[in-house]
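**Q** Sharing a structure, written as structure tokens. Questions coming.
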Amino acid sequence: MGLTRMGKEVVREMNRVGLVADMSHSAERSTLEAIEYSSRPIAITHANPAFWHSALRNKSDDVLRAL
């Protein structure tokens with residue numbers, strides 16, 4: 001699904017007030033879109049790389065490269 005209009009508004013407001021978006025529990029597409037959409041760096045504070053274990057919340061090589 002990716003970032004909704006509301007999701008984009010939240011990322012924009014977080015950027016404005018200086019909060020860091022943590023995408024640890026988001027899906028692949030949402031994470032990639034947040035990285036692309038955000039004007040500030042985002043964080044992934046508690047997920048592993050997918051090559052380590054194939055759990056759904058672990059992050060792919062594509063996400064880690066984009067991050």
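Here, A, B, ... name the chains of the structure tokens in the order displayed, residue numbers run from 1 inside each chain, and ligands are numbered from 1 in the same displayed order.
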Which residues are near A:Ser39? Cut-off 9 Å, only C-alpha atoms, ignore same chain within fewer than 6 positions. Put them as a list in words.
**A** Val11, Arg12 and Asn15 of chain A
**Q** How would the residues just picked look written out with all heavy atoms as a PDB file, in the first residue's frame?
**A**
```pdb
ATOM      1  N   VAL A  11       4.611  12.399   8.133  1.00  0.00           N
ATOM      2  CA  VAL A  11       6.055  12.503   7.892  1.00  0.00           C
ATOM      3  C   VAL A  11       6.450  13.966   7.740  1.00  0.00           C
ATOM      4  O   VAL A  11       7.442  14.421   8.322  1.00  0.00           O
ATOM      5  CB  VAL A  11       6.484  11.677   6.655  1.00  0.00           C
ATOM      6  CG1 VAL A  11       7.924  11.986   6.252  1.00  0.00           C
ATOM      7  CG2 VAL A  11       6.310  10.188   6.921  1.00  0.00           C
ATOM      8  N   ARG A  12       5.680  14.727   6.992  1.00  0.00           N
ATOM      9  CA  ARG A  12       5.973  16.156   6.801  1.00  0.00           C
ATOM     10  C   ARG A  12       5.966  16.897   8.141  1.00  0.00           C
ATOM     11  O   ARG A  12       6.862  17.693   8.428  1.00  0.00           O
ATOM     12  CB  ARG A  12       4.951  16.782   5.850  1.00  0.00           C
ATOM     13  CG  ARG A  12       5.286  18.194   5.436  1.00  0.00           C
ATOM     14  CD  ARG A  12       4.295  18.793   4.433  1.00  0.00           C
ATOM     15  NE  ARG A  12       3.839  17.861   3.417  1.00  0.00           N
ATOM     16  CZ  ARG A  12       2.560  17.458   3.284  1.00  0.00           C
ATOM     17  NH1 ARG A  12       1.628  17.899   4.066  1.00  0.00           N
ATOM     18  NH2 ARG A  12       2.246  16.615   2.322  1.00  0.00           N
ATOM     19  N   ASN A  15       8.972  15.932  10.250  1.00  0.00           N
ATOM     20  CA  ASN A  15      10.140  16.670   9.751  1.00  0.00           C
ATOM     21  C   ASN A  15      10.133  18.095  10.272  1.00  0.00           C
ATOM     22  O   ASN A  15      11.159  18.610  10.712  1.00  0.00           O
ATOM     23  CB  ASN A  15      10.157  16.688   8.222  1.00  0.00           C
ATOM     24  CG  ASN A  15      10.489  15.360   7.577  1.00  0.00           C
ATOM     25  OD1 ASN A  15      10.325  15.208   6.375  1.00  0.00           O
ATOM     26  ND2 ASN A  15      10.949  14.383   8.326  1.00  0.00           N
TER      27      ASN A  15
END
```
**Q** Using the chain letters and numbers from this document, which residues of chain A does DSSP assign to strand (DSSP E or B), as a list in words?
**A**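 So, restricting chain A to strand (DSSP E or B), we get Asp22, Ala43, Pro49 and Lys59 of chain A.
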**Q** Report as a ChimeraX atom specification all protein, DNA and RNA residues lying within 9 Å of A:Val20, evaluated on only C-alpha atoms, omitting residues in the same chain fewer than 2 positions from it.
**A** /A:11,14-15,18,22,40-43
**Q** Counting only C-alpha atoms, figure out which residue out of A:Gly7, A:Ser60, A:Ser54, A:Arg65 gets nearest to A:Glu33.
**A**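 Closest residue, counting only C-alpha atoms: A:Gly7.
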**Q** List the spatial neighbours of A:Leu32 as a PyMOL selection string - criterion: any atom at most 10 Å away, only C-alpha atoms, same-chain residues fewer than 6 positions off excluded.
**A** chain A and resi 2-3+23+26+62-64+66-67
**Q** The selected residues should be written to file as a PDB file, in the first residue's frame (atoms: N, CA and C atoms).
**A**
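And here's again.pdb as it stands now:
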```
ATOM      1  N   GLY A   2       1.879   1.331   0.785  1.00  0.00           N
ATOM      2  CA  GLY A   2       2.732   2.509   0.822  1.00  0.00           C
ATOM      3  C   GLY A   2       2.172   3.606   1.711  1.00  0.00           C
ATOM      4  N   LEU A   3       2.778   4.772   1.625  1.00  0.00           N
ATOM      5  CA  LEU A   3       2.328   5.903   2.441  1.00  0.00           C
ATOM      6  C   LEU A   3       1.012   6.449   1.906  1.00  0.00           C
ATOM      7  N   MET A  23      10.734   3.487  11.202  1.00  0.00           N
ATOM      8  CA  MET A  23       9.994   2.591  10.316  1.00  0.00           C
ATOM      9  C   MET A  23      10.236   1.119  10.628  1.00  0.00           C
ATOM     10  N   SER A  26       7.145  -1.076   9.806  1.00  0.00           N
ATOM     11  CA  SER A  26       6.429  -0.805   8.556  1.00  0.00           C
ATOM     12  C   SER A  26       6.805  -1.824   7.481  1.00  0.00           C
ATOM     13  N   ASP A  62      17.282  -3.804  -0.335  1.00  0.00           N
ATOM     14  CA  ASP A  62      16.840  -2.568  -1.001  1.00  0.00           C
ATOM     15  C   ASP A  62      16.574  -1.467   0.032  1.00  0.00           C
ATOM     16  N   VAL A  63      15.901  -1.823   1.117  1.00  0.00           N
ATOM     17  CA  VAL A  63      15.620  -0.831   2.160  1.00  0.00           C
ATOM     18  C   VAL A  63      16.906  -0.374   2.818  1.00  0.00           C
ATOM     19  N   LEU A  64      17.778  -1.300   3.143  1.00  0.00           N
ATOM     20  CA  LEU A  64      19.024  -0.933   3.823  1.00  0.00           C
ATOM     21  C   LEU A  64      19.898  -0.055   2.941  1.00  0.00           C
ATOM     22  N   ALA A  66      18.761   2.016   0.598  1.00  0.00           N
ATOM     23  CA  ALA A  66      18.084   3.316   0.512  1.00  0.00           C
ATOM     24  C   ALA A  66      18.267   4.113   1.802  1.00  0.00           C
ATOM     25  N   LEU A  67      18.283   3.417   2.909  1.00  0.00           N
ATOM     26  CA  LEU A  67      18.427   4.074   4.208  1.00  0.00           C
ATOM     27  C   LEU A  67      19.760   4.765   4.292  1.00  0.00           C
TER      28      LEU A  67
END
```
**Q** As a PyMOL selection string, please: all residues of chain A that backbone DSSP puts in helix (DSSP H, G or I).
**A** chain A and resi 5-17+28-37+61-66
**Q** Take the residues just selected and output them with C-alpha atoms as a tab-separated table (two decimals), in the first residue's frame.
**A**
```tsv
chain	number	residue	atom	x	y	z
A	5	ARG	CA	-2.00	10.93	2.14
A	6	MET	CA	-2.27	10.98	5.95
A	7	GLY	CA	1.08	9.17	6.23
A	8	LYS	CA	2.73	11.82	4.07
A	9	GLU	CA	1.21	14.55	6.24
A	10	VAL	CA	2.55	12.83	9.36
A	11	VAL	CA	6.05	12.50	7.89
A	12	ARG	CA	5.97	16.16	6.80
A	13	GLU	CA	4.88	17.30	10.28
A	14	MET	CA	7.49	15.09	11.99
A	15	ASN	CA	10.14	16.67	9.75
A	16	ARG	CA	8.85	20.14	10.61
A	17	VAL	CA	8.98	19.64	14.40
A	28	GLU	CA	8.70	-2.69	2.55
A	29	ARG	CA	6.89	-0.22	0.32
A	30	SER	CA	5.94	2.12	3.18
A	31	THR	CA	9.52	2.15	4.41
A	32	LEU	CA	10.94	2.90	0.97
A	33	GLU	CA	8.37	5.65	0.40
A	34	ALA	CA	9.09	7.21	3.80
A	35	ILE	CA	12.81	7.24	3.02
A	36	GLU	CA	12.11	8.91	-0.32
A	37	TYR	CA	9.45	11.32	0.93
A	61	ASP	CA	18.77	-5.15	1.07
A	62	ASP	CA	16.84	-2.57	-1.00
A	63	VAL	CA	15.62	-0.83	2.16
A	64	LEU	CA	19.02	-0.93	3.82
A	65	ARG	CA	20.69	0.53	0.71
A	66	ALA	CA	18.08	3.32	0.51
```
